[in-house]
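For reference, entry-v9.csv is printed below; it contains CSV, C-alpha atoms.
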chain,number,residue,atom,x,y,z
A,1,MET,CA,76.9,111.1,97.3
A,2,PHE,CA,79.9,109.2,96.1
A,3,LYS,CA,81.0,107.2,93.0
A,4,ARG,CA,82.9,103.9,93.2
A,5,THR,CA,85.6,103.5,90.6
A,6,VAL,CA,85.0,100.4,88.5
A,7,MET,CA,87.2,98.3,86.2
A,8,SER,CA,86.9,99.0,82.5
A,9,ASP,CA,88.6,95.7,81.6
A,10,PRO,CA,87.6,92.4,83.3
A,11,ALA,CA,91.3,91.3,83.1
A,12,PRO,CA,93.5,93.5,85.4
A,13,SER,CA,97.0,94.2,84.4
A,14,THR,CA,99.8,92.4,86.2
A,15,ALA,CA,101.2,94.0,89.4
A,16,HIS,CA,105.0,94.0,89.0
A,17,PRO,CA,107.0,93.2,92.1
A,18,ALA,CA,108.9,96.3,93.4
A,19,ALA,CA,110.6,97.5,96.6
A,20,THR,CA,111.2,100.9,98.2
A,21,VAL,CA,113.1,102.0,101.3
A,22,VAL,CA,112.3,104.6,103.9
A,23,LEU,CA,115.7,106.0,104.8
A,24,LEU,CA,115.8,107.6,108.3
A,25,ARG,CA,118.4,109.7,110.1
A,26,ASP,CA,118.4,111.7,113.4
A,27,GLY,CA,118.3,115.4,112.5
A,28,PRO,CA,118.8,118.4,114.8
A,29,GLU,CA,115.0,118.6,115.4
A,30,GLY,CA,114.1,115.0,115.3
A,31,CYS,CA,113.8,112.0,113.0
A,32,GLU,CA,114.1,112.8,109.3
A,33,VAL,CA,113.3,110.9,106.2
A,34,LEU,CA,114.9,111.0,102.7
A,35,LEU,CA,112.7,112.0,99.8
A,36,VAL,CA,113.9,112.0,96.2
A,37,LEU,CA,112.4,113.9,93.3
A,38,ARG,CA,111.5,111.8,90.3
A,39,ASN,CA,112.2,113.1,86.8
A,40,ALA,CA,109.1,114.9,85.6
A,41,GLU,CA,109.3,113.0,82.3
A,42,LEU,CA,108.9,109.6,83.9
A,43,ALA,CA,105.5,107.9,83.2
A,44,PHE,CA,105.1,106.6,86.8
A,45,HIS,CA,105.0,109.4,89.5
A,46,GLY,CA,107.0,111.8,87.4
A,47,GLY,CA,107.7,115.0,89.3
A,48,ALA,CA,106.7,113.4,92.6
A,49,TRP,CA,108.8,113.2,95.8
A,50,VAL,CA,109.1,109.6,96.8
A,51,PHE,CA,111.3,107.1,98.7
A,52,PRO,CA,114.1,105.5,96.7
A,53,GLY,CA,112.8,102.4,95.0
A,54,GLY,CA,111.9,100.5,91.8
A,55,ARG,CA,111.0,97.2,90.2
A,56,LEU,CA,112.7,93.9,91.1
A,57,ASP,CA,115.1,92.6,88.4
A,58,PRO,CA,116.7,89.2,87.8
A,59,ALA,CA,119.9,90.2,89.7
A,60,ASP,CA,117.8,90.7,92.8
A,61,TYR,CA,116.5,87.2,92.7
A,62,ALA,CA,120.0,85.9,92.0
A,63,ALA,CA,121.4,87.8,95.0
A,64,SER,CA,118.7,86.4,97.2
A,65,GLY,CA,119.6,82.8,96.1
A,66,GLY,CA,116.2,81.8,94.9
A,67,THR,CA,112.7,82.7,93.8
A,68,ASP,CA,111.4,84.1,97.1
A,69,VAL,CA,109.9,87.6,96.2
A,70,LEU,CA,110.3,89.1,99.7
A,71,ALA,CA,114.0,88.1,99.8
A,72,ALA,CA,114.5,89.5,96.4
A,73,ALA,CA,112.7,92.7,97.4
A,74,ARG,CA,115.2,93.2,100.2
A,75,HIS,CA,118.1,93.1,97.7
A,76,ALA,CA,116.1,95.4,95.3
A,77,ALA,CA,115.6,98.0,98.1
A,78,VAL,CA,119.4,97.8,98.9
A,79,ARG,CA,120.2,98.3,95.2
A,80,GLU,CA,117.8,101.1,94.7
A,81,ALA,CA,119.1,103.0,97.7
A,82,ARG,CA,122.6,102.7,96.2
A,83,GLU,CA,121.6,103.6,92.6
A,84,GLU,CA,119.2,106.5,93.4
A,85,ALA,CA,120.7,108.0,96.5
A,86,GLY,CA,124.3,106.6,96.8
A,87,ILE,CA,123.5,105.1,100.2
A,88,VAL,CA,125.0,101.6,100.9
A,89,LEU,CA,122.9,99.3,103.0
A,90,ALA,CA,122.9,95.6,103.9
A,91,PRO,CA,119.7,93.5,103.5
A,92,GLU,CA,119.7,92.7,107.2
A,93,GLN,CA,119.4,96.4,108.1
A,94,LEU,CA,116.0,96.6,106.5
A,95,VAL,CA,112.8,96.5,108.6
A,96,LEU,CA,109.7,95.4,106.6
A,97,VAL,CA,107.0,98.1,107.0
A,98,SER,CA,104.2,97.4,104.6
A,99,ARG,CA,103.1,96.1,101.2
A,100,TRP,CA,101.3,98.3,98.7
A,101,ILE,CA,99.4,96.8,95.7
A,102,THR,CA,98.2,99.2,93.0
A,103,PRO,CA,94.4,99.0,92.5
A,104,GLU,CA,93.3,96.7,89.6
A,105,PRO,CA,91.6,99.4,87.5
A,106,LEU,CA,94.9,101.1,86.8
A,107,PRO,CA,97.0,100.1,83.7
A,108,ARG,CA,100.4,100.4,85.4
A,109,ARG,CA,100.4,98.3,88.6
A,110,PHE,CA,103.0,97.4,91.2
A,111,ASP,CA,103.2,95.1,94.2
A,112,THR,CA,105.6,97.0,96.3
A,113,TRP,CA,107.3,96.0,99.5
A,114,PHE,CA,108.1,99.0,101.8
A,115,PHE,CA,111.2,98.7,104.1
A,116,ALA,CA,112.8,101.2,106.6
A,117,ALA,CA,116.5,101.5,107.3
A,118,PRO,CA,118.9,103.8,109.1
A,119,ALA,CA,120.9,106.0,106.8
A,120,GLY,CA,123.3,107.3,109.4
A,121,ASP,CA,125.6,110.1,108.2
A,122,ALA,CA,125.9,108.9,104.7
A,123,ALA,CA,126.1,111.5,102.0
A,124,VAL,CA,123.3,111.4,99.4
A,125,ARG,CA,124.2,111.3,95.7
A,126,VAL,CA,121.4,111.3,93.2
A,127,ASP,CA,121.9,110.0,89.7
A,128,GLY,CA,120.6,113.0,87.8
A,129,GLY,CA,118.6,110.7,85.5
A,130,GLU,CA,115.6,109.2,87.1
A,131,ILE,CA,116.2,111.2,90.3
A,132,HIS,CA,116.8,115.0,90.0
A,133,ALA,CA,117.1,116.1,93.7
A,134,HIS,CA,116.7,115.0,97.3
A,135,ARG,CA,115.6,116.4,100.6
A,136,TRP,CA,115.9,115.3,104.2
A,137,MET,CA,112.7,116.3,105.9
A,138,ARG,CA,110.9,115.6,109.1
A,139,PRO,CA,107.8,113.5,108.1
A,140,ARG,CA,105.4,116.1,109.5
A,141,ASP,CA,107.2,118.9,107.5
A,142,ALA,CA,106.9,116.8,104.3
A,143,LEU,CA,103.2,116.4,104.9
A,144,ALA,CA,102.8,120.1,105.5
A,145,ALA,CA,104.8,120.9,102.4
A,146,HIS,CA,102.4,118.6,100.4
A,147,ARG,CA,99.4,120.4,101.8
A,148,ARG,CA,100.9,123.8,100.8
A,149,ARG,CA,101.5,122.2,97.3
A,150,ASP,CA,105.3,122.9,97.6
A,151,ILE,CA,105.9,119.2,96.9
A,152,ALA,CA,103.7,116.4,95.4
A,153,LEU,CA,103.5,113.1,97.3
A,154,PRO,CA,101.9,109.9,96.0
A,155,PRO,CA,99.3,108.4,98.4
A,156,PRO,CA,101.5,105.5,99.6
A,157,THR,CA,104.3,108.0,100.4
A,158,PHE,CA,101.8,110.3,102.2
A,159,VAL,CA,100.4,107.5,104.3
A,160,THR,CA,103.8,106.1,105.2
A,161,LEU,CA,105.0,109.5,106.3
A,162,ALA,CA,101.9,109.9,108.5
A,163,CYS,CA,102.7,106.6,110.1
A,164,VAL,CA,106.3,107.5,111.0
A,165,SER,CA,105.6,111.1,111.9
A,166,PRO,CA,105.1,110.4,115.7
A,167,PHE,CA,108.6,109.1,116.2
A,168,GLN,CA,111.4,111.5,117.4
A,169,HIS,CA,114.4,109.2,116.9
A,170,VAL,CA,115.4,106.6,114.3
A,171,ARG,CA,115.9,103.9,116.9
A,172,GLU,CA,112.4,104.4,118.3
A,173,ALA,CA,110.9,104.4,114.8
A,174,LEU,CA,112.7,101.2,113.7
A,175,ALA,CA,111.8,99.4,116.9
A,176,ALA,CA,108.2,100.3,116.6
A,177,LEU,CA,108.1,99.3,112.9
A,178,ALA,CA,109.8,96.0,113.7
A,179,ARG,CA,107.0,95.1,116.1
A,180,GLY,CA,104.6,95.3,113.3
A,181,PRO,CA,102.1,94.4,112.1
A,182,VAL,CA,103.1,94.5,108.5
A,183,GLU,CA,100.0,95.6,106.7
A,184,THR,CA,99.0,95.0,103.0
A,185,PHE,CA,97.4,98.1,101.4
A,186,MET,CA,95.2,97.4,98.3
A,187,PRO,CA,93.4,100.8,98.0
A,188,ARG,CA,89.8,101.2,96.9
A,189,LEU,CA,89.1,104.6,95.4
A,190,CYS,CA,85.8,106.4,95.7
A,191,ILE,CA,85.1,109.8,94.1
A,192,VAL,CA,83.5,112.2,96.6
A,193,PRO,CA,82.5,115.9,96.4
A,194,ASP,CA,85.7,118.0,96.0
A,195,GLY,CA,88.0,115.0,95.7
A,196,ALA,CA,88.4,111.3,96.5
A,197,CYS,CA,88.4,108.9,99.4
A,198,VAL,CA,90.8,106.0,99.3
A,199,LEU,CA,89.6,103.1,101.5
A,200,TYR,CA,92.0,100.6,103.1
A,201,SER,CA,91.5,97.2,104.7
A,202,GLY,CA,90.0,97.7,108.2
A,203,ASP,CA,87.7,100.5,107.1
A,204,VAL,CA,84.0,99.9,107.7
A,205,GLY,CA,83.3,100.8,104.1
A,206,TYR,CA,86.1,98.8,102.5
A,207,ASP,CA,84.1,95.7,101.5
A,208,ASP,CA,81.2,97.5,99.8
A,209,TRP,CA,83.1,100.6,98.7
A,210,ASP,CA,80.9,102.9,100.9
A,211,PRO,CA,82.8,105.8,102.6
A,212,GLN,CA,79.5,107.0,104.1
A,213,ARG,CA,78.9,104.0,106.3
A,214,PRO,CA,79.4,104.8,110.0
A,215,GLY,CA,82.0,102.8,111.9
A,216,PRO,CA,85.8,102.3,112.1
A,217,ARG,CA,87.9,104.3,109.7
A,218,HIS,CA,91.1,103.5,107.7
A,219,ARG,CA,91.2,105.9,104.7
A,220,LEU,CA,92.9,108.7,103.0
A,221,TRP,CA,90.8,111.8,102.2
A,222,MET,CA,92.2,113.5,99.1
A,223,TYR,CA,90.4,116.8,98.8
A,224,GLU,CA,91.5,119.4,96.3
A,225,SER,CA,92.3,121.7,99.3
A,226,ASP,CA,93.9,119.1,101.6
A,227,TRP,CA,94.7,115.5,102.2
A,228,ARG,CA,94.0,113.7,105.5
A,229,TYR,CA,94.9,110.2,106.7
A,230,GLU,CA,92.2,108.9,109.0
A,231,ARG,CA,92.5,105.8,111.1
A,232,SER,CA,90.4,104.8,114.1
A,233,ALA,CA,92.3,103.8,117.3
What's the structure tokens form of this structure?
Amino acid sequence: MFKRTVMSDPAPSTAHPAATVVLLRDGPEGCEVLLVLRNAELAFHGGAWVFPGGRLDPADYAASGGTDVLAAARHAAVREAREEAGIVLAPEQLVLVSRWITPEPLPRRFDTWFFAAPAGDAAVRVDGGEIHAHRWMRPRDALAAHRRRDIALPPPTFVTLACVSPFQHVREALAALARGPVETFMPRLCIVPDGACVLYSGDVGYDDWDPQRPGPRHRLWMYESDWRYERSA
């Protein structure tokens, strides 16, 4: 049996535009990604390990020269990488990866553009305010650390790490991501025994919120004992 989550308010809250950047470097044992630790006192993902990112502000639109949200998101990702990690990027270095929209039932919602970019040998400097620490980790090591509960990853971070984990080198990862497709994730959460199942577009149960329907899978199982990203070939 499962339980579909339903909206308690017929008018969903606004999803604020945001951007995040998956910073990659070639480490001694393969491609590594930068994760930063959010201040535990922050209301949104406090205490979680995430990619540098945040909401778009008026300066991002001004820098992009207009009202285009995606162009502004590129500048926001560049700004957040500099502010939260001390890494300087150019907008043209960013590869668009995906778009994540927070489900409607939640009171705090974001419409976040995910980019990837090469960090090279740049030294990381966290601000000590919103961000308290950083780690360079191979994606599969970060997923394993989450499963051991050594670190906490939000679902979009977990899924993105799972998607980049097959790549051994930054150039390979960025080339594959640039080929696309750029997917939009608007999760649908179902409560299942011992945890939850998050359905994404392309899953056979997505339209009717039914994780038990047989067929193609595109979902994140979030059990109390483990998380597992499942996607049919």
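Among the candidates A:Ala73, A:Gly30, A:Arg55, A:Val124, the residue lying nearest to Arg140 in chain A is A:Gly30 (atoms considered: only C-alpha atoms).
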Minimum-distance residue to His169 in chain A, chosen among A:His75, A:Arg108, A:Arg25, A:Arg217 (using all atoms listed in the file): A:Arg25
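When all atoms listed in the file are used to compute distances to His146 in chain A, the closest of the residues A:Ala233, A:Cys197, A:Ala122, A:Val159 turns out to be A:Val159.
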Which of A:Ser225, A:Asn39, A:Asp26, A:Trp113 sits closest to Gly54 in chain A [using only C-alpha atoms]: A:Trp113
Sel. within 10 Å of pt (92.7, 96.3, 101.6), counting all atoms listed in the file, output as a PyMOL selection string: chain A and resi 100-101+103+183-188+199-203+206-207+218
Nearby residues, (108.1, 96.8, 89.5) file frame, 12 Å, all atoms listed in the file, as a PyMOL selection string: chain A and resi 14-20+44+53-58+60+69+72-73+76-77+80+100-102+108-113
Residue neighbourhood Val50 in chain A, 8 Å, all atoms listed in the file, exclusion window fewer than 6 positions, as JSON, numbers by chain: {"A": [35, 36, 37, 38, 153, 154, 157]}
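Atom pair CA of His132 in chain A / CA of Glu83 in chain A: separated by 12.6 Å.
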Gap from CA of Pro107 in chain A to CA of Ser13 in chain A - Å, one decimal: 5.9 Å
Polymer residues at most 9 Å from Cys31 in chain A, all atoms listed in the file, same-chain spacing of 5 or more positions, as an NGL selection string: :A and (24-26 or 137-139 or 164-165 or 167-170 or 173)
May I have the selected residues written with C-alpha atoms, as a tab-separated table (two decimals), in the coordinates of the input?
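The result, written out as out37.tsv:
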chain	number	residue	atom	x	y	z
A	24	LEU	CA	115.80	107.60	108.30
A	25	ARG	CA	118.40	109.70	110.10
A	26	ASP	CA	118.40	111.70	113.40
A	137	MET	CA	112.70	116.30	105.90
A	138	ARG	CA	110.90	115.60	109.10
A	139	PRO	CA	107.80	113.50	108.10
A	164	VAL	CA	106.30	107.50	111.00
A	165	SER	CA	105.60	111.10	111.90
A	167	PHE	CA	108.60	109.10	116.20
A	168	GLN	CA	111.40	111.50	117.40
A	169	HIS	CA	114.40	109.20	116.90
A	170	VAL	CA	115.40	106.60	114.30
A	173	ALA	CA	110.90	104.40	114.80
Counting all atoms listed in the file, the option among A:Ala144, A:Arg231, A:Ala178, A:Val126 closest to Val204 in chain A: A:Arg231
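CA of Val22 in chain A lies 16.9 Å from CA of Ala152 in chain A.
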Using all atoms listed in the file: which of A:Pro118, A:Leu70, A:Ala63, A:Val88 has the shortest distance to Leu174 in chain A: A:Pro118
Complete the atoms of range 151-162 of chain A to all heavy atoms and put them out as a compact mmCIF listing (two decimals), in the coordinates of the input.
# COMPACT_ATOMS: atom_id res chain seq x y z
N ILE A 151 105.43 120.46 97.42
CA ILE A 151 105.90 119.20 96.90
C ILE A 151 104.66 118.32 96.60
O ILE A 151 103.59 118.55 97.18
CB ILE A 151 106.87 118.46 97.80
CG1 ILE A 151 106.18 118.05 99.11
CG2 ILE A 151 108.09 119.32 98.09
CD1 ILE A 151 107.06 117.20 100.02
N ALA A 152 104.83 117.32 95.73
CA ALA A 152 103.70 116.40 95.40
C ALA A 152 104.15 115.00 95.96
O ALA A 152 105.24 114.50 95.66
CB ALA A 152 103.48 116.32 93.94
N LEU A 153 103.27 114.40 96.75
CA LEU A 153 103.50 113.10 97.30
C LEU A 153 102.46 112.10 96.78
O LEU A 153 101.27 112.41 96.82
CB LEU A 153 103.42 113.11 98.84
CG LEU A 153 104.38 114.02 99.60
CD1 LEU A 153 104.00 114.05 101.08
CD2 LEU A 153 105.83 113.54 99.43
N PRO A 154 102.85 110.92 96.32
CA PRO A 154 101.90 109.90 96.00
C PRO A 154 101.19 109.40 97.29
O PRO A 154 101.77 109.50 98.37
CB PRO A 154 102.70 108.77 95.36
CG PRO A 154 104.00 109.43 95.00
CD PRO A 154 104.22 110.51 96.00
N PRO A 155 99.98 108.84 97.19
CA PRO A 155 99.30 108.40 98.40
C PRO A 155 100.08 107.41 99.27
O PRO A 155 100.10 107.59 100.50
CB PRO A 155 98.02 107.73 97.82
CG PRO A 155 97.75 108.52 96.58
CD PRO A 155 99.11 108.79 96.00
N PRO A 156 100.77 106.38 98.74
CA PRO A 156 101.50 105.50 99.60
C PRO A 156 102.62 106.23 100.42
O PRO A 156 102.89 105.91 101.58
CB PRO A 156 102.13 104.44 98.70
CG PRO A 156 101.22 104.45 97.51
CD PRO A 156 100.81 105.88 97.34
N THR A 157 103.26 107.22 99.77
CA THR A 157 104.30 108.00 100.40
C THR A 157 103.66 108.85 101.54
O THR A 157 104.19 108.95 102.66
CB THR A 157 105.03 108.89 99.44
OG1 THR A 157 105.49 108.09 98.34
CG2 THR A 157 106.22 109.59 100.09
N PHE A 158 102.53 109.48 101.24
CA PHE A 158 101.80 110.30 102.20
C PHE A 158 101.44 109.50 103.44
O PHE A 158 101.69 109.90 104.58
CB PHE A 158 100.59 110.93 101.56
CG PHE A 158 99.89 111.95 102.40
CD1 PHE A 158 100.13 113.31 102.24
CD2 PHE A 158 98.96 111.56 103.37
CE1 PHE A 158 99.47 114.26 103.01
CE2 PHE A 158 98.30 112.50 104.16
CZ PHE A 158 98.56 113.85 103.97
N VAL A 159 100.83 108.33 103.22
CA VAL A 159 100.40 107.50 104.30
C VAL A 159 101.56 107.00 105.16
O VAL A 159 101.53 107.00 106.40
CB VAL A 159 99.53 106.33 103.82
CG1 VAL A 159 99.23 105.34 104.95
CG2 VAL A 159 98.22 106.85 103.22
N THR A 160 102.63 106.57 104.50
CA THR A 160 103.80 106.10 105.20
C THR A 160 104.43 107.19 106.06
O THR A 160 104.83 106.96 107.22
CB THR A 160 104.84 105.52 104.24
OG1 THR A 160 104.23 104.48 103.45
CG2 THR A 160 106.04 104.95 104.97
N LEU A 161 104.51 108.40 105.52
CA LEU A 161 105.00 109.50 106.30
C LEU A 161 104.13 109.80 107.51
O LEU A 161 104.63 110.10 108.60
CB LEU A 161 105.11 110.77 105.42
CG LEU A 161 106.24 110.77 104.38
CD1 LEU A 161 106.04 111.92 103.40
CD2 LEU A 161 107.60 110.88 105.05
N ALA A 162 102.84 109.71 107.33
CA ALA A 162 101.90 109.90 108.50
C ALA A 162 102.15 108.86 109.54
O ALA A 162 102.06 109.16 110.74
CB ALA A 162 100.47 109.87 107.97
